[in-house]
Each structure stands twice: as C-alpha cells, then as structure tokens.
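Trainee: Can you keep this structure in mind? I'll have questions shortly.
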2 protein chains.
Amino acid sequence: MAVYTDIGAEAMARIIAAFDVGALVSAKGIAEGVSNSNWLIETEGKDSGPSRFILTMYESRVDVDDLPFFLGLLDHLAARGCPVPRTIHDRENRAFRTYGGKALALIEFLPGVSVSEPTPGQARAVGAALASIHLAAGFPASRANGMDLAAWRRLLGDCGEDGLAAIHPELGRIVTAELALLSARWPAGLPRGVIHADLFPDNVLMRGEDVAGLIDFYFACNDLLAYDVAVTHAAWCFSGDGARFDPALSRALLGGYENVRPLADAERRELPVLARGAAMRFIATRAYDWLHTPSDALVTPKDPMAFARRLAFYADPANAGLFELR
Amino acid sequence: MAVYTDIGAEAMARIIAAFDVGALVSAKGIAEGVSNSNWLIETEGKDSGPSRFILTMYESRVDVDDLPFFLGLLDHLAARGCPVPRTIHDRENRAFRTYGGKALALIEFLPGVSVSEPTPGQARAVGAALASIHLAAGFPASRANGMDLAAWRRLLGDCGEDGLAAIHPELGRIVTAELALLSARWPAGLPRGVIHADLFPDNVLMRGEDVAGLIDFYFACNDLLAYDVAVTHAAWCFSGDGARFDPALSRALLGGYENVRPLADAERRELPVLARGAAMRFIATRAYDWLHTPSDALVTPKDPMAFARRLAFYADPANAGLFELR
C-alpha cells in the first residue's frame with residue numbers, strides 16, 4: 001500500500017493534458033495496490049464525460065506487454081454493460097502512456113467501497129456480475145493463465161520442504177498430496193473464456209447491495225469459467241482466516257451467478273475439484289510470499305493457512321454436496 | 001506517507017453515519033500526512049452540503065488537547081471568508097470523535113493541487129491568502145508556539161556536536177552563532193495573532209493561480225504575524241535545496257500579502273531577523289529528524305542544509321534590502 005513514484009503537480013498536469021478530459025484539478029496518491037502507484041484524479045471534466053479517474057503507474061509486477069490485454073478487456077466489458085471501469089484513451093487513442101520509463105493508464109473512477117463482511121445480498125450481486133463478464137464473449141485477445149497448476153507446483157517447489165514446514169508442520173504433506181490429486185483430476189473440456197481469476201472483496205466496489213464495479217483485472221486470462229466461480233467462492237464464502245464457511249453466502253453467490261449464467265452439469269460436477277484448485281492457488285502464492293517477503297517490507301504477507309483451511313473444507317467428503325443442484 | 005490504521009468499509013460507514021452528511025459511497029486511504037492517516041471520503045451528500053471530505057485519524061504527533069484549537073480555527077477562518085476547509089461537526093456537534101482510542105475529524109475536501117514549482121502569480125495569491133488569515137481576528141482560543149527559539153535550541157542541543165558535524169562540518173558552528181544572535185535580536189512588540197507557521201507549498205491547494213485552500217494547520221499558534229510571513233517566504237521563494245533564491249517569487253509573495261495587509265514599518269524592519277529565525281526553525285527540526293529517523297523508516301528525512309543555505313542567504317549583508325519598501 002503505497003505510492004512508489006512522486007509526480008509533482010506540474011508534471012501531473014502535463015500527463016493529464018495528454019487526455020481529452022479537461023484540466024487537472026486534484027491528484028491524491030491513494031494507498032491501494034501492492035505493486036502499482038495509484039492516484040485519484042479530478043479534472044474540470046469535458047462535455048458530459050467523467051471528471052474523476054484512477055491513474056495507475058505500473059511499477060514492476062505487471063508486464064507492460066500484457067497491458068493491451070488488461071486495458072482492452074475493460075473497454076470490451078464496459079461496452080457490453082458489465083460493471084467495470086473504462087480505460088480512458090489519450091488524444092492519440094493510446095490505452096497507456098509512459099512516464100519516466102514506466103507505463104501509465106487513466107481509468108474511469110467508480111465510486112463504491114470494498115466490503116470486508118459481505119452480506120448474502122452482496123454475494124448474490126457479485127455472482128451475477130461475475131456471470132456477466134463470463135457471458136461477454138468475443139474479446140479478440142487472449143492471455144494464458146500464469147497462475148495455473150504448473151505455476152502452483154513451481155512456487156511451492158521454490159518454498160522447499162523446510163520452508164513449508166516452517167509455515168506449518170503438515171503443509172508440505174498436504175500440498176504434495178493435493179498437487180498429485182489435482183494433476184490427475186483437473187478437468188478438461190469445460191467452457192472457457194476470459195476470467196477475472198482474483199475476484200476477492202477487495203476487487204469489487206459495492207454501493208449498498210449493488211456492484212458498482214469489478215476492478216483490478218491484472219490476473220485476468222483465458223481459462224475455465226467454472227474455475228473463476230471456484231476462486232470467487234473461496235474468496236467470498238469464508239471468514240478471512242478460512243475457519244468459518246458461510247452457507248448463506250455460498251448459496252447467494254452461486255444463485256446470483258446462475259440467474260445470469262446457469263452452470264452446465266459438467267461444470268457443477270467439477271466445481272469441488274476446481275475449488276480445491278482455487279484454494280491451492282492462494283496457498284501457493286501466499287506460501288511463496290510468506291517465505292520471500294523481507295521482514296522490513298511495507299506489506300505484511302498473508303497467512304497461507306487461511307487457504308489450507310479452505311482446502312480442507314472443500315476436500316472434506318461431508319461437504320461433497322456443496323455445489324449440487326439447489 | 002501512509003495509512004496507519006485499517007478501517008473496514010462497514011466500520012467506515014458507521015463512522016460517517018455519525019455525521020449528517022449522507023451515506024458513505026467511497027473511502028480511499030490517501031498517501032498524505034507524515035503522522036496521520038487520511039481518507040478521501042465521498043458520501044451521497046445531504047441537501048446542498050458538500051459530499052466530499054477528508055477524514056483524518058490523529059495517530060501520534062498531534063496532541064488531542066490541541067484539536068479544539070486546530071479544528072475550531074478552521075471554522076473561525078472559513079466563516080470569515082478565508083480559503084480554508086471547514087470542520088464537519090458530528091450529529092452531537094462535536095468537532096472530533098474517537099475510534100479505537102484515536103481521534104478522528106471530518107474536514108471539508110477542497111479540490112486543488114500542491115504545486116512544486118510555484119509561479120509568481122501563485123506566490124502572490126498565497127501572500128494574499130496568508131494576509132487574510134492574519135486579518136481574521138477574534139478567535140477566542142490561543143496556543144503557544146511549540147516551535148519557538150527555545151525549542152530550536154533544545155532540538156539542536158539534542159543533536160549534539162557530533163551529530164551536527166555528521167550532517168555538515170560547519171553546521172555546529174553556524175547554529176551556535178545564530179542561536180546567540182537570534183536570542184539577542186529577536187523582536188518583541190510586533191503585531192501578534194494566530195499564525196499558520198508551516199505554510200509550505202505542500203500545505204496550499206491551488207487551482208491555476210487561485211488559492212483553493214490553506215490546509216494542515218497542525219503547527220498553528222499565537223505568535224508574531226511577521227514571523228509567519230518570514231516562514232512563508234523561506235518556504236516559497238527558493239529552490240527546494242535552498243541554492244537558488246527567486247526574486248520574482250519574493251516580490252510577488254510580499255506584494256500579494258501587502259495588498260491585503262500592509263506591513264507596519266517595524267515589521268518590515270525586523271523581517272531579516274525573522275527570516276533567519278524561520279530558516280533556523282527548519283534547520284532545527286530537519287537536523288533532529290535527520291539524526292533520529294530510523295534507517296528503515298518509511299519517510300526519508302529532509303536535508304537540513306537546504307535551510308542552512310537559506311539562512312546564509314538571509315544573513316548575507318548583500319541581501320539586506322530584500323524586505324525594504326517596494
């Protein structure tokens with residue numbers, strides 16, 4: 001949570017003048033984004049267009065070669081009525097510019113808050129919004145999922161047995177068995193498309209029980225649509241530490257999704273294994289970050305065991321009926 | 001630059017509901033303030049009142065006992081037409097509340113940017129705005145200047161000879177001589193009142209060449225009005241490193257001030273020594289912070305020598321005519 005690059009008011013005014021959005025009025029660095037710098041920008045506005053924007057500077061973790069995919073996707077989805085912010089193109093119709101060697105994008109500001117204790121009504125709305133992006137077919141670009149099963153294996157391998165044991169004595173055994181099971185059982189042939197792949201409450205702006213915007217598409221990629229449902233389920237239906245599952249949130253999320261895009265039988269059948277995969281995906285990145293974040297870093301790494309608990313829940317035969325027909 | 005306290009959306013909505021400003025729509029932690037947490041808040045608004053605010057949580061450096069002075073001063077100045085944000089009182093008419101043991105205030109948001117390369121037109125507007133707060137007499141509370149000559153002596157004493165020598169070989173000799181001179185020559189009997197005492201470009205929001213707001217009154221106190229002019233002069237009329245004085249900015253700042261509040265002859269006569277004091281005030285705090293900021297801290301301490309250069313400029317007999325009648 002930081003602003004990594006200092007941009008003076010005069011330089012900021014010149015940056016904003018490259019877009020046809022009216023003159024800069026206010027720029028506040030905001031404490032969001034782990035690896036990007038973000039400013040909340042206000043301009044004098046132009047015609048009936050928006051006057052508030054998020055300016056994002058991509059500091060390191062986002063590959064500039066992926067920006068046309070991420071930024072073009074926002075435009076594609078917004079044009080199809082999905083609740084996502086639009087990318088503002090500059091006067092030369094470029095989706096991003098560079099400043100001091102770094103890429104910069106201006107994105108529509110959508111007012112809303114990220115909830116930390118979702119209600120069933122909010123989970124229902126998020127399910128519907130997720131389905132709406134799954135139905136917005138036809139985006140011409142594609143991007144492989146950089147966080148697939150092979151990546152989980154690689155990240156967990158880098159942690160080493162001792163590293164995993166330092167997190168929890170059982171963690172190494174759990175992930176070894178689970179990686180084997182997921183490799184054997186990972187489904188093929190399910191409907192594919194562009195997925196968000198990281199739809200945590202942090203990445204949803206709510207106004208009351210309505211979704212104002214889905215944001216932060218920097219893990220978006222082409223993969224199984226039902227895997228996105230599984231990730232969103234793992235992200236929304238548990239207490240943060242993974243210790244408590246909330247069946248009302250689960251029913252609401254899945255119900256909201258299916259009101260817009262009913263799951264195929266094959267997708268429903270595979271959701272338990274996809275959910276185990278979703279849990280593994282966050283065990284893998286969190287375990288890696290847990291062991292590789294310097295002790296004096298600005299960010300506190302998140303507990304991998306919060307997703308080991310979700311994995312145990314999804315793997316428990318007592319919960320086998322979780323994704324069955326309502 | 002940070003948000004020190006995490007407040008979830010639900011808790012934030014409850015905090016904002018204590019004020020009669022409409023329901024919370026958006027809250028973004030902003031990367032401003034060295035020792036406070038700040039959020040840019042948007043609400044649904046209420047009647048014709050504002051719908052955007054800065055919520056400040058006082059983390060440590062501000063004494064809660066001083067808050068009635070700081071926050072009441074904003075209301076006093078705003079009511080007299082000075083360009084400062086108003087304090088929003090809660091439904092029980094309190095100027096601040098507490099949350100998790102910390103004080104919280106909701107302050108009107110004023111759109112504008114803090115310039116880093118002021119123009120003469122901007123310096124003129126800032127001079128006029130400073131004069132307007134000096135003329136807004138009648139604020140009933142008072143607060144001693146905690147950053148007076150005695151405080152400079154104490155801070156520099158805490159640095160020690162070795163500490164000052166580590167910053168610059170000449171610094172100890174310079175400050176010892178200067179403290180003696182300032183003690184002997186510090187004026188009495190000049191007009192007093194409430195001063196801002198820290199009016200750097202960071203603390204002024206500009207829209208073009210107009211002052212949208214003076215902010216961050218957390219050093220405000222009762223002291224010599226001309227000392228505030230001297231502080232503002234040191235803050236605005238030099239390059240950041242103190243190496244270049246800009247006579248056009250100086251003329252514009254003083255001219256803008258005197259258009260609103262002409263300086264008395266005695267004030268003008270004392271401005272050279274007050275300016276040396278202003279330079280010493282920032283040498284003292286910067287030298288102290290330079291030596292006492294942990295190397296792994298989030299903030300980079302500012303160079304004390306930038307104000308030693310200003311001090312040398314003000315002390316140079318060649319510049320004796322700086323504050324003479326225009």
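Going by the structure tokens order, chains are called A, B, ..., each with residues numbered from 1, while ligands are numbered from 1 in the order shown.
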Taking only C-alpha atoms into account, produce a table as a Markdown table in which each residue of chain A with an atom at most 7 Å from an atom of chain B appears once, together with its shortest atom pair and the distance in Å to one decimal, ordered by chain and rising number.
Mentor:
| residue | atom | partner | partner_atom | distance |
| --- | --- | --- | --- | --- |
| A:Ala2 | CA | B:Ala2 | CA | 6.8 |
| A:Val3 | CA | B:Ala31 | CA | 6.8 |
| A:Gly8 | CA | B:Ser116 | CA | 5.9 |
| A:Ala9 | CA | B:Val115 | CA | 5.2 |
| A:Glu10 | CA | B:Val115 | CA | 6.6 |
| A:Val25 | CA | B:Gly112 | CA | 5.2 |
| A:Ser26 | CA | B:Gly112 | CA | 4.7 |
| A:Ala27 | CA | B:Val113 | CA | 6.5 |
| A:Lys28 | CA | B:Ile30 | CA | 6.4 |
| A:Gly29 | CA | B:Ala31 | CA | 5.2 |
| A:Ile30 | CA | B:Ile30 | CA | 4.2 |
| A:Ala31 | CA | B:Gly29 | CA | 5.2 |
| A:Pro111 | CA | B:Ser26 | CA | 5.4 |
| A:Gly112 | CA | B:Ser26 | CA | 4.7 |
| A:Val113 | CA | B:Ser26 | CA | 5.1 |
| A:Ser114 | CA | B:Ala9 | CA | 6.2 |
| A:Val115 | CA | B:Ala9 | CA | 5.2 |
| A:Ser116 | CA | B:Gly8 | CA | 5.9 |
| A:Arg207 | CA | B:Val25 | CA | 6.4 |
Trainee: Take the residues from that selection and write them out as a PDB file, in the first residue's frame, keeping C-alpha atoms.
Mentor:
ATOM      1  CA  ALA A   2       1.988   2.936  -1.205  1.00  0.00           C
ATOM      2  CA  VAL A   3       2.729   5.475  -3.846  1.00  0.00           C
ATOM      3  CA  GLY A   8       4.794  16.891  -8.975  1.00  0.00           C
ATOM      4  CA  ALA A   9       1.624  18.841  -9.701  1.00  0.00           C
ATOM      5  CA  GLU A  10       3.071  20.452 -12.831  1.00  0.00           C
ATOM      6  CA  VAL A  25      -7.968  19.938 -10.579  1.00  0.00           C
ATOM      7  CA  SER A  26      -6.786  17.497  -7.925  1.00  0.00           C
ATOM      8  CA  ALA A  27      -4.494  14.467  -7.630  1.00  0.00           C
ATOM      9  CA  LYS A  28      -4.239  12.409  -4.463  1.00  0.00           C
ATOM     10  CA  GLY A  29      -1.930   9.447  -4.163  1.00  0.00           C
ATOM     11  CA  ILE A  30      -4.000   6.573  -2.797  1.00  0.00           C
ATOM     12  CA  ALA A  31      -2.899   3.766  -0.570  1.00  0.00           C
ATOM     13  CA  PRO A 111     -17.460   5.264  -6.521  1.00  0.00           C
ATOM     14  CA  GLY A 112     -18.059   2.394  -4.123  1.00  0.00           C
ATOM     15  CA  VAL A 113     -16.495   0.582  -1.183  1.00  0.00           C
ATOM     16  CA  SER A 114     -14.864  -2.820  -0.824  1.00  0.00           C
ATOM     17  CA  VAL A 115     -16.719  -4.664   1.892  1.00  0.00           C
ATOM     18  CA  SER A 116     -14.955  -6.768   4.475  1.00  0.00           C
ATOM     19  CA  ARG A 207     -22.851   0.588  -3.338  1.00  0.00           C
TER      20      ARG A 207
END
Trainee: Which residues, written as a list in words, have at least one atom at most 7 Å from region 261-275 of chain A, with only C-alpha atoms counted and residues fewer than 3 positions away on the same chain left out?
Mentor: Ala131, Pro187, Leu190, Ala226, Tyr227, Ala230, Val231, Ala234, Tyr257, Glu258, Ala278, Ala279, Tyr314, Phe323 and Glu324 of chain A
Trainee: When you count only C-alpha atoms, which of these residues is closest to Asn145 (chain B): B:Leu291, B:Ala197, B:Ala212, B:Ala318?
Mentor: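 Looking only at the distances to Asn145 (chain B), the closest residue turns out to be B:Ala197.
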Trainee: Pick out the closest residue to Ala150 (chain B) from this set: B:Gly277, B:Phe219, B:Phe96, B:Lys302. Count only C-alpha atoms.
Mentor: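 Checking each candidate against Ala150 (chain B), we get B:Gly277 as the closest.
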Trainee: Per DSSP on the backbone, what are the strand (DSSP E) residues of region 41-136 of chain B, as a list in words?
Mentor: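 Taking region 41-136 of chain B and keeping strand (DSSP E) gives Ile41, Glu42, Thr43, Arg52, Phe53, Ile54, Leu55, Thr56, Met57, Tyr58, Thr87, Ile88, Arg97, Thr98, Tyr99, Lys102, Ala103, Leu104, Ala105, Leu106, Ile107 and Glu108 of chain B.
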Trainee: Where in region 139-281 of chain B does DSSP assign helix (DSSP H, G or I), given as a CSV table (one decimal) with C-alpha atoms, in the first residue's frame?
Mentor:
chain,number,residue,atom,x,y,z
B,149,LEU,CA,13.5,29.7,19.8
B,150,ALA,CA,13.7,27.7,23.0
B,151,ALA,CA,12.5,24.7,21.1
B,152,TRP,CA,15.1,25.2,18.3
B,153,ARG,CA,17.9,25.4,21.0
B,154,ARG,CA,16.6,22.2,22.6
B,155,LEU,CA,16.3,20.2,19.4
B,156,LEU,CA,19.8,21.3,18.2
B,157,GLY,CA,21.2,20.5,21.7
B,158,ASP,CA,19.7,17.0,21.4
B,159,CYS,CA,21.6,16.6,18.1
B,160,GLY,CA,24.9,17.1,19.9
B,161,GLU,CA,28.1,18.4,18.4
B,162,ASP,CA,29.0,15.1,16.8
B,163,GLY,CA,25.5,14.8,15.2
B,164,LEU,CA,25.6,18.2,13.7
B,165,ALA,CA,29.2,17.6,12.4
B,166,ALA,CA,28.0,14.4,10.8
B,167,ILE,CA,25.5,16.4,8.8
B,171,LEU,CA,26.7,23.2,11.0
B,172,GLY,CA,27.5,23.2,14.7
B,173,ARG,CA,29.4,26.5,14.5
B,174,ILE,CA,26.7,28.1,12.4
B,175,VAL,CA,23.8,27.2,14.7
B,176,THR,CA,25.7,28.2,17.8
B,177,ALA,CA,26.4,31.6,16.5
B,178,GLU,CA,22.9,32.0,15.0
B,179,LEU,CA,21.1,31.0,18.2
B,180,ALA,CA,23.1,33.6,20.1
B,181,LEU,CA,22.3,36.3,17.6
B,182,LEU,CA,18.6,35.4,17.4
B,183,SER,CA,18.3,35.4,21.2
B,184,ALA,CA,19.8,38.9,21.3
B,185,ARG,CA,17.9,40.3,18.5
B,201,PRO,CA,3.6,24.7,-1.0
B,202,ASP,CA,2.5,21.2,0.3
B,203,ASN,CA,0.0,23.0,2.5
B,225,LEU,CA,2.3,37.8,12.3
B,226,ALA,CA,5.5,38.9,10.5
B,227,TYR,CA,7.2,35.7,11.6
B,228,ASP,CA,4.5,33.8,9.6
B,229,VAL,CA,5.4,36.0,6.6
B,230,ALA,CA,9.1,35.1,7.1
B,231,VAL,CA,8.3,31.3,7.3
B,232,THR,CA,6.2,31.5,4.1
B,233,HIS,CA,9.0,33.5,2.4
B,234,ALA,CA,11.6,30.8,3.3
B,235,ALA,CA,9.1,28.1,2.1
B,236,TRP,CA,8.2,29.6,-1.3
B,247,PRO,CA,13.4,37.5,-6.5
B,248,ALA,CA,10.2,37.4,-8.7
B,249,LEU,CA,8.6,35.0,-6.3
B,250,SER,CA,9.7,37.1,-3.3
B,251,ARG,CA,8.3,40.3,-4.8
B,252,ALA,CA,5.0,38.6,-5.7
B,253,LEU,CA,4.6,36.9,-2.3
B,254,LEU,CA,5.3,40.1,-0.3
B,255,GLY,CA,3.2,42.2,-2.8
B,256,GLY,CA,0.3,39.9,-2.5
B,257,TYR,CA,0.5,40.0,1.3
B,258,GLU,CA,0.7,43.8,1.4
B,259,ASN,CA,-2.2,44.3,-0.9
B,260,VAL,CA,-4.4,42.7,1.8
B,265,ASP,CA,7.4,49.7,9.4
B,266,ALA,CA,8.6,47.9,12.5
B,267,GLU,CA,7.6,44.5,11.0
B,268,ARG,CA,9.4,45.3,7.8
B,269,ARG,CA,12.5,46.3,9.7
B,270,GLU,CA,12.5,43.0,11.6
B,271,LEU,CA,11.8,40.7,8.7
B,272,PRO,CA,15.5,40.0,8.1
B,273,VAL,CA,16.0,38.6,11.6
B,274,LEU,CA,12.6,36.8,11.5
B,275,ALA,CA,13.6,35.2,8.2
B,276,ARG,CA,16.9,34.0,9.8
B,277,GLY,CA,14.7,32.6,12.6
B,278,ALA,CA,12.4,30.9,10.1
B,279,ALA,CA,15.4,29.2,8.5
B,280,MET,CA,16.7,28.1,11.9
B,281,ARG,CA,13.3,26.6,12.8
Trainee: Neighbours of Ile107 (chain B) within 6 Å (only C-alpha atoms; same-chain residues fewer than 2 positions away dropped), as a list in words?
Mentor: Phe53, Ile54, Arg86, Thr87 and Ile88 of chain B
Trainee: Of the candidates A:Phe19, A:Ala79, A:Asp65, A:Leu135, which one gets nearest to Ala105 (chain A) if we count only C-alpha atoms?
Mentor: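 Checking each of A:Phe19, A:Ala79, A:Asp65, A:Leu135 against Ala105 (chain A), counting only C-alpha atoms, the winner is A:Phe19.
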Trainee: Env of Phe217 (chain B): 8 Å cut, atoms = only C-alpha atoms, seq-sep filter 4 positions within chain, self excluded. Answer as an MDAnalysis selection string.
Mentor: chainID B and resid 70 196 198
Trainee: One decimal, in Å: what's the spacing between CA of Gly138 (chain B) and CA of Cys221 (chain B)?
Mentor: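 Interatomic distance here is 13.7 Å.
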Trainee: Would you work out the distance separating CA of Ser142 (chain B) from CA of Pro85 (chain B), expressed in Å to one decimal?
Mentor: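 Between CA of Ser142 (chain B) and CA of Pro85 (chain B) the gap is 19.7 Å.
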Trainee: Would you kindly return, as a ChimeraX atom specification, each protein, DNA or RNA residue with an atom no farther than 7 Å from any atom of Gly45 (chain A), considering only C-alpha atoms and excluding same-chain residues fewer than 3 positions away?
Mentor: /A:21-22,49-51
Trainee: Any chance you could export the current selection's N, CA and C atoms as a PDB file, in the first residue's frame?
Mentor:
ATOM      1  N   VAL A  21      -9.765  15.165 -21.238  1.00  0.00           N
ATOM      2  CA  VAL A  21     -10.683  15.013 -20.103  1.00  0.00           C
ATOM      3  C   VAL A  21     -10.824  16.308 -19.299  1.00  0.00           C
ATOM      4  N   GLY A  22     -10.336  17.427 -19.834  1.00  0.00           N
ATOM      5  CA  GLY A  22     -10.353  18.673 -19.067  1.00  0.00           C
ATOM      6  C   GLY A  22      -9.108  18.794 -18.206  1.00  0.00           C
ATOM      7  N   GLY A  49     -18.574  13.837 -20.112  1.00  0.00           N
ATOM      8  CA  GLY A  49     -17.704  12.743 -19.705  1.00  0.00           C
ATOM      9  C   GLY A  49     -17.384  12.770 -18.222  1.00  0.00           C
ATOM     10  N   PRO A  50     -16.735  11.718 -17.758  1.00  0.00           N
ATOM     11  CA  PRO A  50     -16.400  11.652 -16.330  1.00  0.00           C
ATOM     12  C   PRO A  50     -15.350  12.707 -15.977  1.00  0.00           C
ATOM     13  N   SER A  51     -15.296  13.069 -14.703  1.00  0.00           N
ATOM     14  CA  SER A  51     -14.289  14.031 -14.256  1.00  0.00           C
ATOM     15  C   SER A  51     -13.412  13.425 -13.164  1.00  0.00           C
TER      16      SER A  51
END
